Structures are given as C-alpha cells and as structure tokens.
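This report concerns only the one structure given below.
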Amino acid sequence: MITTDYMILCLGMGLVTYIPRWAPLFALSQRTLPRWLEEWLDLIPAAILSALILPALVTVGEPRQLSLWNNDLLVAVPVFLFALRTRSLGGTVVLGMALYWLAGKFLG
Amino acid sequence: MTDHAAPTDKASIIRDGVRAAWPICLGYVPIGLAFGVLAQKAGLSPLAIGLMSAFVFAGSAQFIAVAMLGTGAGIAAIVATAFTVNLRHLLMSSALSVYLRGVHKRWLSLFAYGITDESFALNLVQFREGNWDFKRALTVNHVTNAFWVASTVIGGLGGAFIPAHAFGIDYALMGMFLCLLVYQLRGRLYVLTGLIAGAAAVILSIAIPGNSYIVAASVIAATAGLYIRRRWPSFAASSAPARKNKR
C-alpha cells in the first residue's frame, strides 16, 4: 500500500536531490567558463574523492571519533599502494574485497 | 589517451558502459540489500522501497529518510534533510559539465538523474582518458541505477536471508574510490589538494555531525589548490608522467 503521504515524500525527496544534480550541468555546459573556474573544477575530483575516502577510513561511530586502527584503514594501505603501482581498477576492487574479507576473518 | 573516436554503434556503447560500471554495481549490492532490509523493518513494502529508490537514487539520503520515518519525523523535515545531504552533487555536476558541452539539454536532464558519488568519479576518469562519450556515461548511470533499485527491492523482499557480507563485497566501493583517487593524482598539485581535502574532511567530519564536511572540505581544498597554482606556478606545473590506466 502506497499512501499519498509516502508518494509526496518520495516526490519531494526526488525533487530536492535532482535539482543539485541538474542545475550546474544545465547552466555550465552551455557556456565557456572563465579560466579560474575551469582550473578550480579541475581540482574538485581529487578533493571530493579524498574527502569521501579519508573520513570513512579514519573515523568510526556516531558521533564520529578518530580511529587509526580498524580493518577499513588497514586494508586501504596495501590496496592504495597496489592501485598506485598497477593502476588497475578491477584488480584494486578485487584485492580490496579479498583483503577485507580476510581481515574480517582473522582480525575480527 | 587515444585520438580516434570510440565506435558509435549501440552495441559497443552499451558494452563499454556496462564493462566500466561493474565495480559500482558490485558495490551497490550489499548497500542496496542493507537498505532494503532496514526499510522493510521500518514498515515499507517492496513496492514502496522501489519507488523511493527510483525517485531518489541516493543511498545516504534514503538511509536517513528511513531512520527519520522510524522516529515519526514529518515529510518536510525529511525532504529538507535529503536536500542538505545531497548538496555535494552540485560540485560533481559542475565538474562533469566541462565534458558535456554541446549535449542537448533534454539529454542533460536525463543524465543529471544518474549523477551519484560513484558514477561521477568513474565517468570523470573515463572522460579524461578519452574514448568516452556522453552515451557511454549515460549507460553507466542507468545500469548502476537499475542495480540500485533492484538490490533495494530484493533486500526488502527477504534480504535478511542473503549473506550480505560475503567475500568482502562491502569493500568494493572503497576499493574503487581508492583507485579512482589514484587516477586523479596527476601531479604534485593534485596530491597536495587531495591531502588538504582529506585532512579538512577528517577534522570537519569529527567536529560537525552530518555530511556537510564533504562539500566544505572539497571547496576549501580546491580553492587552496587554485591559490597555490596561481602563487607558485612552477610547483603546480610538475605533473606525473602520463600512465595508462587499466580496467
């Protein structure tokens, strides 16, 4: 059973998640950007990925607390080095899964 | 980087898109199942779960919405929270726009629906490597979307019986992100920007609840990086030797 309230909730959430995805794409892809903005946007991917990854590795719990000894972080070190060395996306994913699985088995 | 254009027939477009999308699909399975199980426990039917996944397509916002539903929060509060949680897509959409010049507005509107942390990072790398185009990127968006919707519904149908944590599958997306970050480290300036973003994100994530730290840290780091590029051009000019990325 889908209630009207639930339908409104889904539509509302859909709308507010869609707008930030759509507005910059729509506005920026139609024009030439100033040089500083292009250079700024060029740095965004490295910044975002780092900002997504690091807190996930070195914090735990809610509210978050610093944790420098956990399986996610321990596995990330060899996986990162492997990625640097091989630049293989598939290999990195598979190695990460294997090591994480082993870490869960043997380190708990 | 190759100069010749990628083949434009439908079959190779879809094949390339699916081939690129597999790490995301793999990573979505445990998260989608977990979401489905949680949502089902909160009283949502598989149909309701599928509806939310199809309309929203944003893992973190959906998890929070289900948690808030459980506490009896109102629609307005949940929608407002979803908005702030997904503001980071503003940055991702901006960065992708550079590669989508000249694409028809109608297609852009369809593409925007599928922008996630994962598809953003993957498509951006592919665009820069070359041999990538709008339709392949769109394929990645839709294939991953289909996986997301399906795995959340399956989770709601009886995900509790599926061994969700098998074979380290929970680490698939982290592994992918780590490798995609490596691809982004194309010189000293990028490494420094990444370090600033990481340090800022860790500090902010501990200091502030929620996930606004992603946007804040990224803006701080990219702005600092731009300043460094302008102030010390010789530092920024060094770049890593171009190396071919493998899939």
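Following the order of the structure tokens, first chain is A, next is B, and so on, with residues numbered from 1 inside each chain and ligands from 1 in the order they appear.
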
Chain A residues near chain B (7 Å cut-off, only C-alpha atoms) as an mmCIF file with N, CA and C atoms, in the first residue's frame:
```
data_model
loop_
_atom_site.group_PDB
_atom_site.id
_atom_site.type_symbol
_atom_site.label_atom_id
_atom_site.label_comp_id
_atom_site.auth_asym_id
_atom_site.auth_seq_id
_atom_site.Cartn_x
_atom_site.Cartn_y
_atom_site.Cartn_z
ATOM 1 N N ILE A 2 0.650 2.110 -0.975
ATOM 2 C CA ILE A 2 1.376 3.365 -1.041
ATOM 3 C C ILE A 2 0.403 4.487 -0.646
ATOM 4 N N LEU A 9 6.323 12.257 -0.112
ATOM 5 C CA LEU A 9 7.679 12.178 0.429
ATOM 6 C C LEU A 9 8.673 11.804 -0.672
ATOM 7 N N CYS A 10 8.359 10.752 -1.444
ATOM 8 C CA CYS A 10 9.264 10.303 -2.498
ATOM 9 C C CYS A 10 9.456 11.386 -3.557
ATOM 10 N N LEU A 11 8.352 12.017 -3.958
ATOM 11 C CA LEU A 11 8.451 13.075 -4.960
ATOM 12 C C LEU A 11 9.280 14.247 -4.437
ATOM 13 N N GLY A 12 9.022 14.620 -3.184
ATOM 14 C CA GLY A 12 9.765 15.731 -2.590
ATOM 15 C C GLY A 12 11.250 15.434 -2.503
ATOM 16 N N MET A 13 11.578 14.243 -1.989
ATOM 17 C CA MET A 13 12.989 13.861 -1.900
ATOM 18 C C MET A 13 13.613 13.776 -3.287
ATOM 19 N N GLY A 14 12.854 13.241 -4.227
ATOM 20 C CA GLY A 14 13.363 13.129 -5.601
ATOM 21 C C GLY A 14 13.677 14.496 -6.181
ATOM 22 N N VAL A 16 14.349 17.393 -4.556
ATOM 23 C CA VAL A 16 15.479 18.109 -3.938
ATOM 24 C C VAL A 16 16.818 17.408 -4.168
ATOM 25 N N THR A 17 16.792 16.127 -4.516
ATOM 26 C CA THR A 17 18.070 15.507 -4.883
ATOM 27 C C THR A 17 18.366 15.734 -6.365
ATOM 28 N N TYR A 18 17.315 15.909 -7.158
ATOM 29 C CA TYR A 18 17.525 16.108 -8.592
ATOM 30 C C TYR A 18 18.091 17.500 -8.898
ATOM 31 N N PRO A 20 20.154 19.727 -7.329
ATOM 32 C CA PRO A 20 21.603 19.945 -7.298
ATOM 33 C C PRO A 20 22.362 19.130 -8.354
ATOM 34 N N ARG A 21 21.771 18.041 -8.820
ATOM 35 C CA ARG A 21 22.419 17.251 -9.863
ATOM 36 C C ARG A 21 22.253 17.918 -11.225
ATOM 37 N N TRP A 22 21.145 18.618 -11.375
ATOM 38 C CA TRP A 22 20.770 19.122 -12.690
ATOM 39 C C TRP A 22 21.236 20.550 -12.946
ATOM 40 N N PRO A 24 23.756 22.757 -12.091
ATOM 41 C CA PRO A 24 25.068 23.150 -12.616
ATOM 42 C C PRO A 24 25.324 22.597 -14.013
ATOM 43 N N LEU A 25 24.902 21.354 -14.224
ATOM 44 C CA LEU A 25 25.085 20.724 -15.526
ATOM 45 C C LEU A 25 24.387 21.551 -16.594
ATOM 46 N N PHE A 26 23.160 21.920 -16.295
ATOM 47 C CA PHE A 26 22.333 22.655 -17.238
ATOM 48 C C PHE A 26 22.907 24.045 -17.485
ATOM 49 N N LEU A 28 26.091 25.281 -16.697
ATOM 50 C CA LEU A 28 27.506 25.449 -17.041
ATOM 51 C C LEU A 28 27.887 24.844 -18.382
ATOM 52 N N SER A 29 27.162 23.778 -18.810
ATOM 53 C CA SER A 29 27.613 23.095 -20.023
ATOM 54 C C SER A 29 27.273 23.900 -21.280
ATOM 55 N N GLN A 30 26.504 24.970 -21.139
ATOM 56 C CA GLN A 30 26.088 25.731 -22.319
ATOM 57 C C GLN A 30 26.998 26.931 -22.593
ATOM 58 N N GLU A 39 39.959 25.835 -13.833
ATOM 59 C CA GLU A 39 41.083 25.305 -13.040
ATOM 60 C C GLU A 39 40.603 24.830 -11.678
ATOM 61 N N TRP A 40 39.644 25.531 -11.139
ATOM 62 C CA TRP A 40 39.082 25.163 -9.830
ATOM 63 C C TRP A 40 38.345 23.823 -9.956
ATOM 64 N N LEU A 41 37.522 23.719 -10.995
ATOM 65 C CA LEU A 41 36.765 22.480 -11.196
ATOM 66 C C LEU A 41 37.693 21.302 -11.491
ATOM 67 N N LEU A 43 40.351 20.682 -10.026
ATOM 68 C CA LEU A 43 40.869 20.154 -8.763
ATOM 69 C C LEU A 43 39.789 19.474 -7.924
ATOM 70 N N ILE A 44 38.540 19.682 -8.290
ATOM 71 C CA ILE A 44 37.420 19.158 -7.495
ATOM 72 C C ILE A 44 37.413 17.621 -7.366
ATOM 73 N N PRO A 45 37.646 16.874 -8.456
ATOM 74 C CA PRO A 45 37.577 15.410 -8.299
ATOM 75 C C PRO A 45 38.561 14.862 -7.269
ATOM 76 N N ALA A 46 39.810 15.307 -7.328
ATOM 77 C CA ALA A 46 40.787 14.830 -6.352
ATOM 78 C C ALA A 46 40.340 15.207 -4.942
ATOM 79 N N ALA A 47 39.812 16.439 -4.807
ATOM 80 C CA ALA A 47 39.382 16.912 -3.494
ATOM 81 C C ALA A 47 38.188 16.095 -2.988
ATOM 82 N N ILE A 48 37.187 15.899 -3.837
ATOM 83 C CA ILE A 48 35.973 15.180 -3.410
ATOM 84 C C ILE A 48 36.292 13.737 -3.045
ATOM 85 N N LEU A 49 37.076 13.068 -3.888
ATOM 86 C CA LEU A 49 37.370 11.663 -3.611
ATOM 87 C C LEU A 49 38.095 11.528 -2.283
ATOM 88 N N SER A 50 39.055 12.428 -2.071
ATOM 89 C CA SER A 50 39.799 12.398 -0.819
ATOM 90 C C SER A 50 38.870 12.682 0.368
ATOM 91 N N ALA A 51 37.967 13.630 0.189
ATOM 92 C CA ALA A 51 37.043 13.990 1.269
ATOM 93 C C ALA A 51 36.023 12.880 1.537
ATOM 94 N N LEU A 52 35.734 12.078 0.517
ATOM 95 C CA LEU A 52 34.830 10.943 0.724
ATOM 96 C C LEU A 52 35.559 9.792 1.411
ATOM 97 N N LEU A 54 38.811 9.565 3.117
ATOM 98 C CA LEU A 54 39.575 9.609 4.367
ATOM 99 C C LEU A 54 38.726 9.524 5.638
ATOM 100 N N PRO A 55 37.666 10.322 5.759
ATOM 101 C CA PRO A 55 36.851 10.177 6.977
ATOM 102 C C PRO A 55 36.272 8.769 7.124
ATOM 103 N N PRO A 63 28.258 9.872 17.324
ATOM 104 C CA PRO A 63 29.085 10.817 16.567
ATOM 105 C C PRO A 63 30.466 10.239 16.235
ATOM 106 N N ARG A 64 31.026 10.695 15.150
ATOM 107 C CA ARG A 64 32.281 10.128 14.658
ATOM 108 C C ARG A 64 33.442 10.404 15.608
ATOM 109 N N GLN A 65 34.297 9.392 15.716
ATOM 110 C CA GLN A 65 35.512 9.537 16.524
ATOM 111 C C GLN A 65 36.694 9.044 15.725
ATOM 112 N N PHE A 80 45.730 0.811 -1.694
ATOM 113 C CA PHE A 80 46.135 2.079 -2.309
ATOM 114 C C PHE A 80 47.480 1.924 -3.022
ATOM 115 N N ALA A 83 47.031 0.080 -6.170
ATOM 116 C CA ALA A 83 46.439 0.929 -7.210
ATOM 117 C C ALA A 83 47.486 1.861 -7.812
ATOM 118 N N LEU A 84 48.347 2.430 -6.948
ATOM 119 C CA LEU A 84 49.410 3.300 -7.434
ATOM 120 C C LEU A 84 50.321 2.565 -8.408
ATOM 121 N N ARG A 87 47.640 0.599 -11.375
ATOM 122 C CA ARG A 87 46.604 1.422 -11.998
ATOM 123 C C ARG A 87 45.495 0.567 -12.589
ATOM 124 N N SER A 88 45.238 -0.559 -11.964
ATOM 125 C CA SER A 88 44.183 -1.445 -12.453
ATOM 126 C C SER A 88 42.956 -1.330 -11.564
ATOM 127 N N LEU A 89 41.862 -0.840 -12.133
ATOM 128 C CA LEU A 89 40.640 -0.633 -11.350
ATOM 129 C C LEU A 89 40.064 -1.968 -10.887
ATOM 130 N N GLY A 90 39.921 -2.901 -11.837
ATOM 131 C CA GLY A 90 39.359 -4.206 -11.484
ATOM 132 C C GLY A 90 40.201 -4.918 -10.442
ATOM 133 N N THR A 92 42.216 -3.634 -8.276
ATOM 134 C CA THR A 92 42.145 -2.958 -6.981
ATOM 135 C C THR A 92 40.862 -3.342 -6.244
ATOM 136 N N VAL A 93 39.759 -3.387 -6.975
ATOM 137 C CA VAL A 93 38.483 -3.736 -6.353
ATOM 138 C C VAL A 93 38.540 -5.159 -5.793
ATOM 139 N N GLY A 96 40.914 -5.422 -2.812
ATOM 140 C CA GLY A 96 40.294 -4.795 -1.644
ATOM 141 C C GLY A 96 39.284 -5.719 -0.989
ATOM 142 N N MET A 97 38.441 -6.338 -1.816
ATOM 143 C CA MET A 97 37.435 -7.253 -1.275
ATOM 144 C C MET A 97 38.095 -8.445 -0.588
ATOM 145 N N ALA A 98 39.113 -9.021 -1.251
ATOM 146 C CA ALA A 98 39.780 -10.207 -0.698
ATOM 147 C C ALA A 98 40.425 -9.889 0.644
ATOM 148 N N TYR A 100 39.772 -7.406 2.655
ATOM 149 C CA TYR A 100 38.770 -7.028 3.652
ATOM 150 C C TYR A 100 38.099 -8.270 4.229
ATOM 151 N N TRP A 101 37.866 -9.221 3.357
ATOM 152 C CA TRP A 101 37.255 -10.480 3.782
ATOM 153 C C TRP A 101 38.189 -11.223 4.728
#
```

As JSON, numbers by chain, please: every residue in stretch 11-108 of chain A that a backbone DSSP assignment puts in helix (DSSP H, G or I). {"A": [11, 12, 13, 14, 15, 16, 17, 18, 19, 20, 21, 22, 23, 24, 25, 26, 27, 28, 35, 36, 37, 38, 39, 40, 41, 42, 43, 44, 45, 46, 47, 48, 49, 50, 51, 52, 53, 54, 55, 56, 57, 58, 71, 72, 73, 74, 75, 76, 77, 78, 79, 80, 81, 82, 83, 84, 85, 86, 89, 90, 91, 92, 93, 94, 95, 96, 97, 98, 99, 100, 101, 102, 103, 104, 105, 106]}

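Here atom CA of B:Ala39 is placed at a distance of 25.9 Å from atom CA of A:Ile53.
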
Rounded to one decimal, what separation in Å do you get between atom CA of B:Ala21 and atom CA of B:Trp148? 12.1 Å

Write out as a PDB file with C-alpha atoms, in the first residue's frame which residues come within 12 Å of B:Thr8 when counting only C-alpha atoms, dropping same-chain ones fewer than 4 positions away.
```pdb
ATOM      1  CA  HIS B   4      40.470   8.116 -32.633  1.00  0.00           C
ATOM      2  CA  SER B  12      29.628  -1.204 -28.311  1.00  0.00           C
ATOM      3  CA  ILE B  13      28.301   1.814 -26.408  1.00  0.00           C
ATOM      4  CA  ILE B  14      26.306  -0.410 -24.090  1.00  0.00           C
ATOM      5  CA  ARG B  15      29.111  -2.957 -23.797  1.00  0.00           C
ATOM      6  CA  ASP B  16      31.655  -0.257 -22.832  1.00  0.00           C
ATOM      7  CA  ASN B 131      37.443   7.012 -25.742  1.00  0.00           C
ATOM      8  CA  TRP B 132      34.463   8.021 -23.669  1.00  0.00           C
ATOM      9  CA  ASP B 133      31.378   9.953 -24.597  1.00  0.00           C
ATOM     10  CA  PHE B 134      28.040  11.103 -23.315  1.00  0.00           C
ATOM     11  CA  LYS B 135      26.161   7.936 -24.259  1.00  0.00           C
ATOM     12  CA  ARG B 136      28.647   5.645 -22.552  1.00  0.00           C
TER      13      ARG B 136
END
```

Excluding A:Val58 and any residue of its chain fewer than 4 positions from it, enumerate the residues within 7 Å of it, using only C-alpha atoms, and give them as a compact mmCIF listing (two decimals) with N, CA and C atoms, in the first residue's frame.
```txt
# COMPACT_ATOMS: atom_id res chain seq x y z
N LEU A 54 38.81 9.57 3.12
CA LEU A 54 39.58 9.61 4.37
C LEU A 54 38.73 9.52 5.64
N LEU A 66 37.86 9.64 15.99
CA LEU A 66 39.07 9.23 15.29
C LEU A 66 39.40 7.78 15.63
N SER A 67 39.76 6.99 14.62
CA SER A 67 40.15 5.61 14.86
C SER A 67 41.25 5.25 13.87
N LEU A 68 42.46 5.07 14.38
CA LEU A 68 43.58 4.81 13.47
C LEU A 68 43.93 3.33 13.41
N LEU A 73 40.83 0.82 7.35
CA LEU A 73 42.08 1.55 7.15
C LEU A 73 43.24 0.61 6.85
```
